[in-house]
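So the structure is just underneath, and the comments pick up after that.
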Amino acid sequence: MSTALIGAPLNAAQLYLDGVCRSFDGFKAINGLSLAVAKGELRAVIGPNGAGKTTMMDIITGKTRPDEGKVIWNGDTDLTKIDEAGVARLGIGRKFQKPTVFETHSVEDNIRLALKAPRGVFPVLFDRRSAEENRRVTEYLDRIRLTHLRAETAANLSHGQKQWLEIGMLLAQEPQLLLVDEPAAGMTDAETMETAELLKSIAGERTVIVVEHDMDFVRALNCRVTVLHQGSVLAEGSLDHVSARDDVIEVYLGR
Amino acid sequence: MTRLIDLRLGLFLAALFAVTVLAPLATTLPSTSALNLPSYLIPLMGKYLCYALLAVALDLCWGYAGILSLGHGAFFALGGYAMGMHLMREIGARGVYANPELPDFMVFLGWTELPWFWYGFDMFWFAAVMALLVPGLLAFVFGWFAFRSRVSGVYLSIITQALTFALLLAFFRNDMGFGGNNGLTDFRDVLGFSLSAPSTRIALFVLTAVALAGCMLLARAITISKAGKVLVAVRDAESRTRFLGYRVESYSVFVFTVSAMMAGLAGALYVPQVGIINPGEFAPANSIEIVVWVALGGRGTLVGAAIGALVVVALKSWLTATFPDLWLFALGGLFILVTLALPNGLLGLLDRLKPRQAKPAAEVPA
Amino acid sequence: MPFRPLTLIAAFCLAVVLPFLASAQTLEDLIARLPDGNFNDRAAIVAQIAETGDPRAAQVLDALLEGELEQRSADGRFVRVTGSRNNQTATDVLTGEDLGPVARRSTEAVRVNNALRRSIRTALGVLTLMDPDPARRLAAAEAALRSPSPDQVEALAEAMAAEANATIRIAQTRAHAAAVLASDLPLQAKLDAVAVIGEANAQVVQQTLNAYRNAAEPELAAAVGAALAEAESRQRMWSQAQNLWFGLSLGSVLLLAAIGLAITFGVMGVINLAHGELVMLGAYTTYTVQQIIRTNAPEYFGYSLAIAIPLAFLLVGAVGVLIERGIVRHLYGRPLETLLGTWGVSLILQQAVRSIYGPTNREVGTPDWMSGAWQIGELTLTGPRIAIVIFSLAVFFGLLLLMKYSAFGLQMRAVTQNRPMAANLGIRTGYVDALTFGLGAGIAGLAGVALSQIDNVSPNLGQGYIIDSFLVVVFGGVGNLWGTFAAALSLGVANKFLEPWAGAVLGKIVILVFIILFIQKRPRGLFPQRGRAAEG
């Protein structure tokens with residue numbers, strides 16, 4: 001996957017949403033949303049329920065087509081023309097709000113399926129397991145601390161372990177951009193902080209966009225924050241900056 | 001590391017091998033012997049094995065990829081028709097109307113020349129290729145449209161059922177050129193060997209057993225490969241698979257096509273042993289019956305599917321002969337039983353019975 | 001027209017002989033003279049018999065026409081002999097008195113040939129044209145139109161003049177015109193006749209005028225050609241109307257069969273493959289009700305459907321509740337298993353009905369008030385079809401009202417939209433599920449009552465509708481009753497418009513393939529349920 005877009009002429013943003021609109025049955029879930037995220041950035045997206053956070057992720061990952069607007073990847077690719085698998089192959093990984101792993105597969109196989117490798121039917125059909133592959137699987141298992149559960153069926157994991165496994169799968173994809181939807185949901189405080197540390201460590205090398213409700217978690221991420229409201233950007237800046245703004249307070253507390 | 005032949009499959013293949021060797025031998029014993037097997041039973045056993053193969057084909061796409069096709073009978077019938085067309089041509093001038101070129105039913109309909117789609121079927125290899133290619137192509141095109149449009153679950157089941165229903169109506173028409181209502185029958189020989197000769201029957205039976213074993217190994221190889229794991233992943237969490245970058249529709253089309261070709265092979269082996277193929281094989285009810293074989297044996301186990309087919313078909317043969325009125329009650333009851341009480345089929349029941357730490361229990365091969 | 005020398009001769013004889021014969025001759029005298037002379041003489045006598053105006057003339061001529069008029073050798077009495085060769089019985093042709101069996105050689109037949117038969121038919125035509133019974137007069141006029149004969153020009157003109165009933169007079173006028181065309185009357189009379197015929201319905205125009213398409217007179221040929229062309233275009237227009245009507249009729253059948261599914265599948269998300277069998281049960285309920293009425297109180301047969309409708313709804317609805325409580329309830333959220341389980345139910349129901357009622361078709365009667373047909377222009381609307389269209393509309397709108405305005409409908413929608421929330425609000429969801437399924441089943445029962453009027457009632461009745469019904473629901477958009485409505489009617493009409501050029505079977509295949517492709521293009525149907533939830 002090419003990352004040679006440093007100094008791209010159009011703009012430096014790795015992901016650039018331009019005037020995106022999407023309505024469902026008359027309700028405008030996304031309304032003229034524009035957003036730019038630089039390569040290697042860690043960005044938190046917050047907003048009240050119905051602000052359009054999940055729909056935004058759906059649009060970036062090709063699950064939902066916008067009615068208007070563009071989503072430019074690396075300056076030259078319009079993601080709105082590509083399906084989910086195509087977007088994933090470009091190097092965009094996504095973690096769902098509800099942990100989604102392959103329940104009937106072993107923990108190891110979950111990671112193995114996520115490992116960066118050709119995704120076509122025939123290469124996969126004739127894929128033979130190599131020592132290198134095993135090494136990489138072990139590496140990711142170590143990182144998410146599930147090595148001891150390697151052979152366990154994923155269905156038998158606890159909720160938190162599934163969250164970790166999914167993050168591990170996300171890492172195994174070696175994506176350039178990680179979209180993480182409410183990773184702290186259902187986690188203990190300690191786990192939440194651990195997750196924040198992990199995401200911070202990934203950022204820099206990769207771009208990370210986190211959608212979150214939990215303000216403590218966002219504070220722990222210590223990054224630039226985008227506030228969504230009614231499908232468009234209400235405010236952007238540091239958490240202290242945006243949380244000082246009256247309109248943001250209004251949106252969060254006013255109703 | 002998952003082994004290609006695990007204990008279950010090994011036991012099943014061993015049993016299959018034993019039957020394949022012993023049954024023909026038993027026909028050569030003197031008829032006074034208690035172990036004598038009347039040779040007319042050989043094609044019947046061959047027919048059962050064809051059904052087992054059909055069940056394995058359906059299990060591959062339903063059990064592993066979650067594609068519940070209610071139209072697999074159509075692929076089976078298409079394979080059967082391809083072989084039937086060859087056998088029809090091989091009758092040659094020995095038909096009632098003694099026309100060397102045209103099958104009897106065409107002469108009867110007053111046709112004067114062979115329709116273009118019958119060209120080539122005088123050659124065995126061509127018919128054999130078509131028996132795989134036609135079902136495969138139909139499945140590929142149909143699957144490509146369906147899976148690309150994200151038609152899945154019950155919607156897919158309903159349109160596969162509509163597909164086989166449309167084919168049923170089409171093949172009933174005389175002017176389709178496939179013998180209409182009566183289908184294709186009165187076959188004489190295959191590759192020059194008389195179909196009624198005991199040796200031909202044994203050869204076909206052995207061939208069916210080999211095809212069954214081969215397809216089971218192939219299906220097993222697919223399911224334990226990484227692609228097989230992707231298929232199960234699709235079944236369990238389709239969107240997760242997509243977001244990992246797997247193009248789900250390609251995998252679904254692939255397994256659907258392979259499965260349809262296996263069904264076509266089963267049909268092609270079925271026709272010379274049964275001696276007839278008619279549009280009734282396209283009936284939606286037939287296709288749904290295949291599903292209960294797989295469900296009873298245990299979906300997603302391959303061996304279970306084959307055993308389920310053998311058990312249900314044997315039950316059917318016995319009941320329709322002794323208590324014909326009871327057969328549909330039994331079949332209907334079976335459907336309800338497996339959905340309510342046996343979600344994992346007979347093999348699942350065995351798994352539950354065995355103690356958790358003990359070595360895997362051996363299932364009883366049919 | 002074919003040259004008929006004998007007819008002409010007969011007519012000639014009639015013309016010559018009549019004036020000389022005393023018209024006072026009695027029927028008896030004339031019959032007595034029948035065996036004498038040649039066929040031409042008999043033709044003359046036949047005409048005279050018709051002239052007598054004797055009410056018994058018709059039965060004599062009828063016997064003669066059938067070759068059953070014979071003279072008893074012993075006493076010369078004229079009898080009508082019927083029965084097979086070795087078992088013949090005789091009746092007196094004039095009095096109708098039963099004379100019992102006759103030996104084979106004791107009577108001698110009055111022979112007839114084809115020319116004479118023609119004369120007899122003409123004479124009978126004249127006789128019945130003036131019959132006191134209007135129904136017979138109409139039949140006679142229509143018969144004369146079907147086989148026009150120049151001999152009847154006069155008789156028809158006479159009948160027209162005397163006729164008081166407008167409908168009969170129109171029929172006679174047309175028959176007269178047809179007879180004029182067959183005669184050698186002057187051109188102008190024939191042109192007028194073409195104009196008269198041209199006003200009849202297209203089929204009559206074609207039947208009557210086709211023979212004159214190449215008439216010797218160019219003017220006549222042109223007039224005939226124009227009338228035929230006009231009739232053809234009229235027929236084409238009406239056949240479109242006919243297709244539309246048949247299509248609507250088929251569509252309303254589909255609607256009836258699918259609407260119950262639209263509830264169980266569309267509202268509850270349950271695939272009920274036993275739906276077709278529930279329809280079948282409704283049909284058998286009708287049959288059973290009719291059997292009981294026939295044996296116990298045949299005079300109330302007209303009410304059989306009125307009894308069957310609520311009974312089928314309740315009975316089949318109860319079967320539905322049983323299926324839901326027994327099987328479907330355990331399978332919510334597992335649609336493929338539901339599909340298989342209900343298929344099992346369908347097999348059991350089919351075999352149960354086969355065991356009880358037998359595998360053959362059962363006859364379900366149509367009450368008198370529903371049979372009959374209405375003619376609009378060239379379009380025939382039969383009673384049962386009209387009744388089904390009205391009935392299915394009534395069921396559809398009734399259901400719509402129930403869903404929208406009743407407390408049950410409200411609870412049903414609440415449960416389907418948000419089950420846990422509904423449960424928290426105190427709605428007994430299990431109870432609502434069972435009733436919803438029962439409602440769908442009950443409507444299937446109603447469909448069965450309706451289908452029993454137009455289809456064979458056999459254990460396989462349901463099988464013929466299940467796939468179509470599913471396609472209707474899926475095509476219309478799951479969860480949308482109006483979608484089901486639009487899908488059923490449009491598929492019905494499309495089917496009937498395809499049939500004329502593709503044939504019934506091919507038309508059906510085309511529709512199936514179309515729906516298969518359509519579902520792949522728009523998996524959510526014509527009228528998809530909208531909203532973000534549906535995007536999932």
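Ordered as shown in the structure tokens, chains take letters A, B, and onward, while each chain numbers its residues from 1 and ligands are numbered from 1 in the order shown.
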Legend entry - At most 8 Å to chain B: residues in chain C, only C-alpha atoms, as a ChimeraX atom specification: /C:271,327,330-331,335-338,340-348,351-352,355,467,470-471,474,505-506,508-509,512-513,516-517,519-523
Contacts of Asn156 (chain A) within 10 Å, only C-alpha atoms, excl. fewer than 2 positions in-chain, as an mmCIF file with all heavy atoms, in the first residue's frame:
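The result, stored in around_1.cif:
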data_model
loop_
_atom_site.group_PDB
_atom_site.id
_atom_site.type_symbol
_atom_site.label_atom_id
_atom_site.label_comp_id
_atom_site.auth_asym_id
_atom_site.auth_seq_id
_atom_site.Cartn_x
_atom_site.Cartn_y
_atom_site.Cartn_z
ATOM 1 N N GLU A 103 -16.976 -15.427 16.470
ATOM 2 C CA GLU A 103 -17.222 -16.168 17.698
ATOM 3 C C GLU A 103 -16.843 -17.646 17.604
ATOM 4 O O GLU A 103 -16.406 -18.224 18.574
ATOM 5 C CB GLU A 103 -18.694 -16.041 18.093
ATOM 6 C CG GLU A 103 -19.167 -14.604 18.206
ATOM 7 C CD GLU A 103 -19.392 -14.168 19.636
ATOM 8 O OE1 GLU A 103 -19.651 -15.044 20.474
ATOM 9 O OE2 GLU A 103 -19.295 -12.952 19.908
ATOM 10 N N THR A 104 -17.047 -18.258 16.442
ATOM 11 C CA THR A 104 -16.774 -19.704 16.383
ATOM 12 C C THR A 104 -15.317 -20.013 16.050
ATOM 13 O O THR A 104 -14.918 -21.165 16.048
ATOM 14 C CB THR A 104 -17.680 -20.418 15.365
ATOM 15 O OG1 THR A 104 -17.572 -19.740 14.112
ATOM 16 C CG2 THR A 104 -19.132 -20.395 15.813
ATOM 17 N N SER A 106 -11.115 -19.635 16.786
ATOM 18 C CA SER A 106 -10.232 -19.461 17.934
ATOM 19 C C SER A 106 -9.678 -18.036 17.930
ATOM 20 O O SER A 106 -9.722 -17.349 16.916
ATOM 21 C CB SER A 106 -9.075 -20.463 17.868
ATOM 22 O OG SER A 106 -8.278 -20.178 16.748
ATOM 23 N N VAL A 107 -9.170 -17.619 19.064
ATOM 24 C CA VAL A 107 -8.566 -16.290 19.188
ATOM 25 C C VAL A 107 -7.462 -16.124 18.142
ATOM 26 O O VAL A 107 -7.379 -15.113 17.435
ATOM 27 C CB VAL A 107 -8.007 -16.108 20.610
ATOM 28 C CG1 VAL A 107 -7.149 -14.860 20.688
ATOM 29 C CG2 VAL A 107 -9.149 -16.054 21.614
ATOM 30 N N LEU A 149 -4.710 -17.339 25.776
ATOM 31 C CA LEU A 149 -6.021 -17.804 25.321
ATOM 32 C C LEU A 149 -6.016 -18.134 23.833
ATOM 33 O O LEU A 149 -7.063 -18.248 23.214
ATOM 34 C CB LEU A 149 -7.087 -16.736 25.607
ATOM 35 C CG LEU A 149 -7.352 -16.470 27.084
ATOM 36 C CD1 LEU A 149 -8.260 -15.260 27.250
ATOM 37 C CD2 LEU A 149 -7.976 -17.704 27.730
ATOM 38 N N GLU A 152 -8.367 -20.668 22.541
ATOM 39 C CA GLU A 152 -9.741 -20.591 23.041
ATOM 40 C C GLU A 152 -10.701 -20.083 21.949
ATOM 41 O O GLU A 152 -10.319 -19.250 21.114
ATOM 42 C CB GLU A 152 -9.771 -19.630 24.244
ATOM 43 C CG GLU A 152 -11.066 -19.584 25.009
ATOM 44 C CD GLU A 152 -11.429 -20.907 25.654
ATOM 45 O OE1 GLU A 152 -10.650 -21.389 26.522
ATOM 46 O OE2 GLU A 152 -12.466 -21.452 25.278
ATOM 47 N N THR A 153 -11.917 -20.603 21.957
ATOM 48 C CA THR A 153 -12.919 -20.094 21.017
ATOM 49 C C THR A 153 -13.330 -18.681 21.441
ATOM 50 O O THR A 153 -13.555 -18.436 22.627
ATOM 51 C CB THR A 153 -14.166 -20.998 21.027
ATOM 52 O OG1 THR A 153 -13.736 -22.336 20.798
ATOM 53 C CG2 THR A 153 -15.141 -20.602 19.943
ATOM 54 N N ALA A 154 -13.431 -17.792 20.468
ATOM 55 C CA ALA A 154 -13.659 -16.383 20.799
ATOM 56 C C ALA A 154 -14.969 -16.175 21.553
ATOM 57 O O ALA A 154 -15.095 -15.250 22.344
ATOM 58 C CB ALA A 154 -13.645 -15.541 19.524
ATOM 59 N N SER A 158 -14.496 -12.900 27.655
ATOM 60 C CA SER A 158 -15.316 -11.909 28.341
ATOM 61 C C SER A 158 -15.497 -10.702 27.428
ATOM 62 O O SER A 158 -14.809 -10.566 26.402
ATOM 63 C CB SER A 158 -14.629 -11.479 29.637
ATOM 64 O OG SER A 158 -13.509 -10.670 29.307
ATOM 65 N N HIS A 159 -16.411 -9.817 27.824
ATOM 66 C CA HIS A 159 -16.683 -8.640 27.011
ATOM 67 C C HIS A 159 -15.417 -7.812 26.774
ATOM 68 O O HIS A 159 -15.097 -7.448 25.644
ATOM 69 C CB HIS A 159 -17.745 -7.777 27.708
ATOM 70 C CG HIS A 159 -18.181 -6.591 26.936
ATOM 71 N ND1 HIS A 159 -19.168 -6.655 25.971
ATOM 72 C CD2 HIS A 159 -17.745 -5.314 26.938
ATOM 73 C CE1 HIS A 159 -19.331 -5.467 25.434
ATOM 74 N NE2 HIS A 159 -18.473 -4.621 26.007
ATOM 75 N N GLN A 161 -12.314 -8.802 26.995
ATOM 76 C CA GLN A 161 -11.338 -9.540 26.177
ATOM 77 C C GLN A 161 -11.695 -9.453 24.705
ATOM 78 O O GLN A 161 -10.822 -9.357 23.843
ATOM 79 C CB GLN A 161 -11.287 -11.000 26.632
ATOM 80 C CG GLN A 161 -10.535 -11.175 27.954
ATOM 81 C CD GLN A 161 -10.713 -12.568 28.532
ATOM 82 O OE1 GLN A 161 -11.766 -13.195 28.340
ATOM 83 N NE2 GLN A 161 -9.701 -13.045 29.240
ATOM 84 N N LYS A 162 -13.029 -9.458 24.436
ATOM 85 C CA LYS A 162 -13.449 -9.329 23.032
ATOM 86 C C LYS A 162 -13.056 -7.957 22.503
ATOM 87 O O LYS A 162 -12.618 -7.830 21.349
ATOM 88 C CB LYS A 162 -14.955 -9.536 22.907
ATOM 89 C CG LYS A 162 -15.375 -10.997 22.973
ATOM 90 C CD LYS A 162 -16.886 -11.133 22.819
ATOM 91 C CE LYS A 162 -17.313 -12.561 23.111
ATOM 92 N NZ LYS A 162 -18.761 -12.691 23.177
#
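If you take only C-alpha atoms and a cut-off of 12 Å, the residues of chain A that reach chain C are Arg22, Ser23, Phe24, Asp25, Gly26, Phe27, Lys28, Ala29, Ile30, Gly50, Gly52, Thr54, Thr55, Asp58, Lys63, Thr64 and Arg65 of chain A.
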Inset, instruction - Find the residues near Ala127 (chain B): any atom within 9 Å, counting only C-alpha atoms, skip ones fewer than 6 places away on the same chain, and give them as JSON, numbers by chain. - result: {"B": [79, 82, 83, 84, 85, 86, 120, 121, 268]}
Legend entry - strand (DSSP E or B) positions in region 288-428 of chain C, given as a list in words: Arg362, Ala373, Trp374, Gln375, Ile376, Leu379, Thr380, Leu381 and Thr382 of chain C
File dump, residues just selected, N, CA and C atoms, as a PDB file, in the first residue's frame:
ATOM      1  N   ARG C 362     -61.858 -31.712  -4.695  1.00  0.00           N
ATOM      2  CA  ARG C 362     -63.202 -31.672  -4.111  1.00  0.00           C
ATOM      3  C   ARG C 362     -63.991 -30.554  -4.775  1.00  0.00           C
ATOM      4  N   ALA C 373     -73.041 -13.891 -15.026  1.00  0.00           N
ATOM      5  CA  ALA C 373     -72.005 -13.061 -15.633  1.00  0.00           C
ATOM      6  C   ALA C 373     -72.630 -11.768 -16.116  1.00  0.00           C
ATOM      7  N   TRP C 374     -71.809 -10.740 -16.158  1.00  0.00           N
ATOM      8  CA  TRP C 374     -72.263  -9.450 -16.669  1.00  0.00           C
ATOM      9  C   TRP C 374     -71.480  -9.107 -17.915  1.00  0.00           C
ATOM     10  N   GLN C 375     -72.211  -8.537 -18.869  1.00  0.00           N
ATOM     11  CA  GLN C 375     -71.568  -8.194 -20.129  1.00  0.00           C
ATOM     12  C   GLN C 375     -71.427  -6.677 -20.172  1.00  0.00           C
ATOM     13  N   ILE C 376     -70.188  -6.197 -20.291  1.00  0.00           N
ATOM     14  CA  ILE C 376     -69.981  -4.765 -20.507  1.00  0.00           C
ATOM     15  C   ILE C 376     -69.296  -4.661 -21.852  1.00  0.00           C
ATOM     16  N   LEU C 379     -66.908  -7.327 -22.940  1.00  0.00           N
ATOM     17  CA  LEU C 379     -66.204  -7.862 -21.789  1.00  0.00           C
ATOM     18  C   LEU C 379     -67.184  -8.658 -20.934  1.00  0.00           C
ATOM     19  N   THR C 380     -66.766  -9.890 -20.561  1.00  0.00           N
ATOM     20  CA  THR C 380     -67.628 -10.688 -19.706  1.00  0.00           C
ATOM     21  C   THR C 380     -67.048 -10.725 -18.306  1.00  0.00           C
ATOM     22  N   LEU C 381     -67.815 -10.304 -17.329  1.00  0.00           N
ATOM     23  CA  LEU C 381     -67.362 -10.365 -15.945  1.00  0.00           C
ATOM     24  C   LEU C 381     -68.148 -11.457 -15.249  1.00  0.00           C
ATOM     25  N   THR C 382     -67.424 -12.489 -14.756  1.00  0.00           N
ATOM     26  CA  THR C 382     -68.131 -13.577 -14.102  1.00  0.00           C
ATOM     27  C   THR C 382     -68.280 -13.273 -12.616  1.00  0.00           C
TER      28      THR C 382
END
Would you give me, as a PDB file with all heavy atoms, in the first residue's frame, the residues of chain B that come within 6 Å of chain A, using only C-alpha atoms?
ATOM      1  N   SER B 225      -9.160 -24.659   4.957  1.00  0.00           N
ATOM      2  CA  SER B 225      -8.207 -23.666   4.452  1.00  0.00           C
ATOM      3  C   SER B 225      -8.556 -22.310   5.061  1.00  0.00           C
ATOM      4  O   SER B 225      -9.578 -22.141   5.712  1.00  0.00           O
ATOM      5  CB  SER B 225      -8.288 -23.584   2.934  1.00  0.00           C
ATOM      6  OG  SER B 225      -9.457 -22.875   2.575  1.00  0.00           O
ATOM      7  N   LYS B 226      -7.694 -21.354   4.819  1.00  0.00           N
ATOM      8  CA  LYS B 226      -7.958 -20.017   5.331  1.00  0.00           C
ATOM      9  C   LYS B 226      -9.246 -19.474   4.692  1.00  0.00           C
ATOM     10  O   LYS B 226     -10.039 -18.788   5.346  1.00  0.00           O
ATOM     11  CB  LYS B 226      -6.772 -19.106   5.016  1.00  0.00           C
ATOM     12  CG  LYS B 226      -6.841 -17.779   5.726  1.00  0.00           C
ATOM     13  CD  LYS B 226      -5.563 -17.003   5.497  1.00  0.00           C
ATOM     14  CE  LYS B 226      -5.673 -15.580   6.001  1.00  0.00           C
ATOM     15  NZ  LYS B 226      -4.552 -14.746   5.562  1.00  0.00           N
ATOM     16  N   ALA B 227      -9.486 -19.827   3.411  1.00  0.00           N
ATOM     17  CA  ALA B 227     -10.714 -19.372   2.747  1.00  0.00           C
ATOM     18  C   ALA B 227     -11.940 -19.948   3.452  1.00  0.00           C
ATOM     19  O   ALA B 227     -12.964 -19.285   3.583  1.00  0.00           O
ATOM     20  CB  ALA B 227     -10.701 -19.784   1.282  1.00  0.00           C
ATOM     21  N   ALA B 233     -16.377 -16.976   8.891  1.00  0.00           N
ATOM     22  CA  ALA B 233     -16.374 -15.607   9.402  1.00  0.00           C
ATOM     23  C   ALA B 233     -17.520 -14.820   8.788  1.00  0.00           C
ATOM     24  O   ALA B 233     -18.213 -14.063   9.474  1.00  0.00           O
ATOM     25  CB  ALA B 233     -15.037 -14.942   9.084  1.00  0.00           C
ATOM     26  N   ARG B 242     -16.104  -7.864   6.038  1.00  0.00           N
ATOM     27  CA  ARG B 242     -15.932  -6.827   5.009  1.00  0.00           C
ATOM     28  C   ARG B 242     -14.929  -5.777   5.457  1.00  0.00           C
ATOM     29  O   ARG B 242     -14.071  -5.347   4.689  1.00  0.00           O
ATOM     30  CB  ARG B 242     -17.260  -6.119   4.745  1.00  0.00           C
ATOM     31  CG  ARG B 242     -18.227  -6.905   3.922  1.00  0.00           C
ATOM     32  CD  ARG B 242     -19.460  -6.049   3.609  1.00  0.00           C
ATOM     33  NE  ARG B 242     -20.549  -6.891   3.174  1.00  0.00           N
ATOM     34  CZ  ARG B 242     -20.647  -7.388   1.945  1.00  0.00           C
ATOM     35  NH1 ARG B 242     -19.735  -7.102   1.042  1.00  0.00           N
ATOM     36  NH2 ARG B 242     -21.653  -8.166   1.622  1.00  0.00           N
ATOM     37  N   PHE B 243     -15.038  -5.334   6.723  1.00  0.00           N
ATOM     38  CA  PHE B 243     -14.163  -4.264   7.188  1.00  0.00           C
ATOM     39  C   PHE B 243     -12.729  -4.750   7.370  1.00  0.00           C
ATOM     40  O   PHE B 243     -11.823  -3.945   7.553  1.00  0.00           O
ATOM     41  CB  PHE B 243     -14.706  -3.646   8.480  1.00  0.00           C
ATOM     42  CG  PHE B 243     -15.924  -2.801   8.240  1.00  0.00           C
ATOM     43  CD1 PHE B 243     -17.125  -3.066   8.861  1.00  0.00           C
ATOM     44  CD2 PHE B 243     -15.871  -1.736   7.348  1.00  0.00           C
ATOM     45  CE1 PHE B 243     -18.244  -2.290   8.606  1.00  0.00           C
ATOM     46  CE2 PHE B 243     -16.987  -0.958   7.106  1.00  0.00           C
ATOM     47  CZ  PHE B 243     -18.182  -1.234   7.733  1.00  0.00           C
ATOM     48  N   LEU B 244     -12.551  -6.079   7.317  1.00  0.00           N
ATOM     49  CA  LEU B 244     -11.175  -6.581   7.292  1.00  0.00           C
ATOM     50  C   LEU B 244     -10.632  -6.583   5.876  1.00  0.00           C
ATOM     51  O   LEU B 244      -9.470  -6.909   5.651  1.00  0.00           O
ATOM     52  CB  LEU B 244     -11.109  -8.001   7.861  1.00  0.00           C
ATOM     53  CG  LEU B 244     -11.182  -8.140   9.386  1.00  0.00           C
ATOM     54  CD1 LEU B 244     -11.032  -9.600   9.768  1.00  0.00           C
ATOM     55  CD2 LEU B 244     -10.095  -7.308  10.062  1.00  0.00           C
ATOM     56  N   GLY B 245     -11.471  -6.272   4.908  1.00  0.00           N
ATOM     57  CA  GLY B 245     -10.994  -6.176   3.535  1.00  0.00           C
ATOM     58  C   GLY B 245     -11.318  -7.384   2.669  1.00  0.00           C
ATOM     59  O   GLY B 245     -10.878  -7.458   1.528  1.00  0.00           O
ATOM     60  N   TYR B 246     -12.075  -8.341   3.228  1.00  0.00           N
ATOM     61  CA  TYR B 246     -12.467  -9.490   2.399  1.00  0.00           C
ATOM     62  C   TYR B 246     -13.706  -9.125   1.612  1.00  0.00           C
ATOM     63  O   TYR B 246     -14.675  -8.616   2.177  1.00  0.00           O
ATOM     64  CB  TYR B 246     -12.758 -10.708   3.267  1.00  0.00           C
ATOM     65  CG  TYR B 246     -11.536 -11.261   3.957  1.00  0.00           C
ATOM     66  CD1 TYR B 246     -11.272 -10.963   5.289  1.00  0.00           C
ATOM     67  CD2 TYR B 246     -10.635 -12.061   3.263  1.00  0.00           C
ATOM     68  CE1 TYR B 246     -10.146 -11.460   5.918  1.00  0.00           C
ATOM     69  CE2 TYR B 246      -9.509 -12.558   3.882  1.00  0.00           C
ATOM     70  CZ  TYR B 246      -9.273 -12.255   5.216  1.00  0.00           C
ATOM     71  OH  TYR B 246      -8.154 -12.752   5.829  1.00  0.00           O
ATOM     72  N   ARG B 247     -13.671  -9.393   0.302  1.00  0.00           N
ATOM     73  CA  ARG B 247     -14.849  -9.109  -0.501  1.00  0.00           C
ATOM     74  C   ARG B 247     -15.789 -10.314  -0.354  1.00  0.00           C
ATOM     75  O   ARG B 247     -15.611 -11.339  -1.000  1.00  0.00           O
ATOM     76  CB  ARG B 247     -14.445  -8.865  -1.951  1.00  0.00           C
ATOM     77  CG  ARG B 247     -15.429  -7.985  -2.659  1.00  0.00           C
ATOM     78  CD  ARG B 247     -14.767  -7.120  -3.718  1.00  0.00           C
ATOM     79  NE  ARG B 247     -14.463  -5.788  -3.234  1.00  0.00           N
ATOM     80  CZ  ARG B 247     -13.396  -5.103  -3.595  1.00  0.00           C
ATOM     81  NH1 ARG B 247     -12.519  -5.619  -4.414  1.00  0.00           N
ATOM     82  NH2 ARG B 247     -13.210  -3.886  -3.145  1.00  0.00           N
TER      83      ARG B 247
END
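Every protein or nucleic acid residue with an atom no more than 7 Å from region 130-146 of chain A, counting only C-alpha atoms and leaving out same-chain residues fewer than 4 positions away, appears here: Glu108, Ile111, Arg112, Arg150, Trp164, Leu165, Gly168 and Ala172 of chain A.
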Legend entry - Atomic separation - CA of Gly95 (chain B) relative to CA of Gly80 (chain B), Å: 20.3 Å
Legend entry - 12 Å contact set for Pro198 (chain B), only C-alpha atoms, chain neighbours under 5 positions out, as a PyMOL selection string: chain B and resi 24-25+27-28+37-43+193+203-205+273
Could those residues be written to a file, using C-alpha atoms, as a short mmCIF file (atom, residue, chain, number, x, y, z; two decimals), in the first residue's frame?
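Dumped to again_29.cif:
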data_model
loop_
_atom_site.label_atom_id
_atom_site.label_comp_id
_atom_site.auth_asym_id
_atom_site.auth_seq_id
_atom_site.Cartn_x
_atom_site.Cartn_y
_atom_site.Cartn_z
CA PRO B 24 -20.03 -55.83 -5.35
CA LEU B 25 -18.39 -58.93 -3.92
CA THR B 27 -23.47 -59.89 -5.49
CA THR B 28 -21.18 -62.62 -6.80
CA LEU B 37 -26.76 -59.13 -2.28
CA PRO B 38 -29.24 -59.06 -5.18
CA SER B 39 -27.59 -57.08 -7.94
CA TYR B 40 -30.62 -54.82 -8.40
CA LEU B 41 -29.75 -53.29 -5.05
CA ILE B 42 -26.46 -51.93 -6.39
CA PRO B 43 -28.01 -49.04 -8.39
CA PHE B 193 -21.60 -50.68 -21.82
CA ALA B 203 -18.76 -49.69 -12.06
CA LEU B 204 -21.21 -46.79 -11.69
CA PHE B 205 -21.66 -47.56 -8.01
CA GLN B 273 -28.23 -45.52 -12.21
#
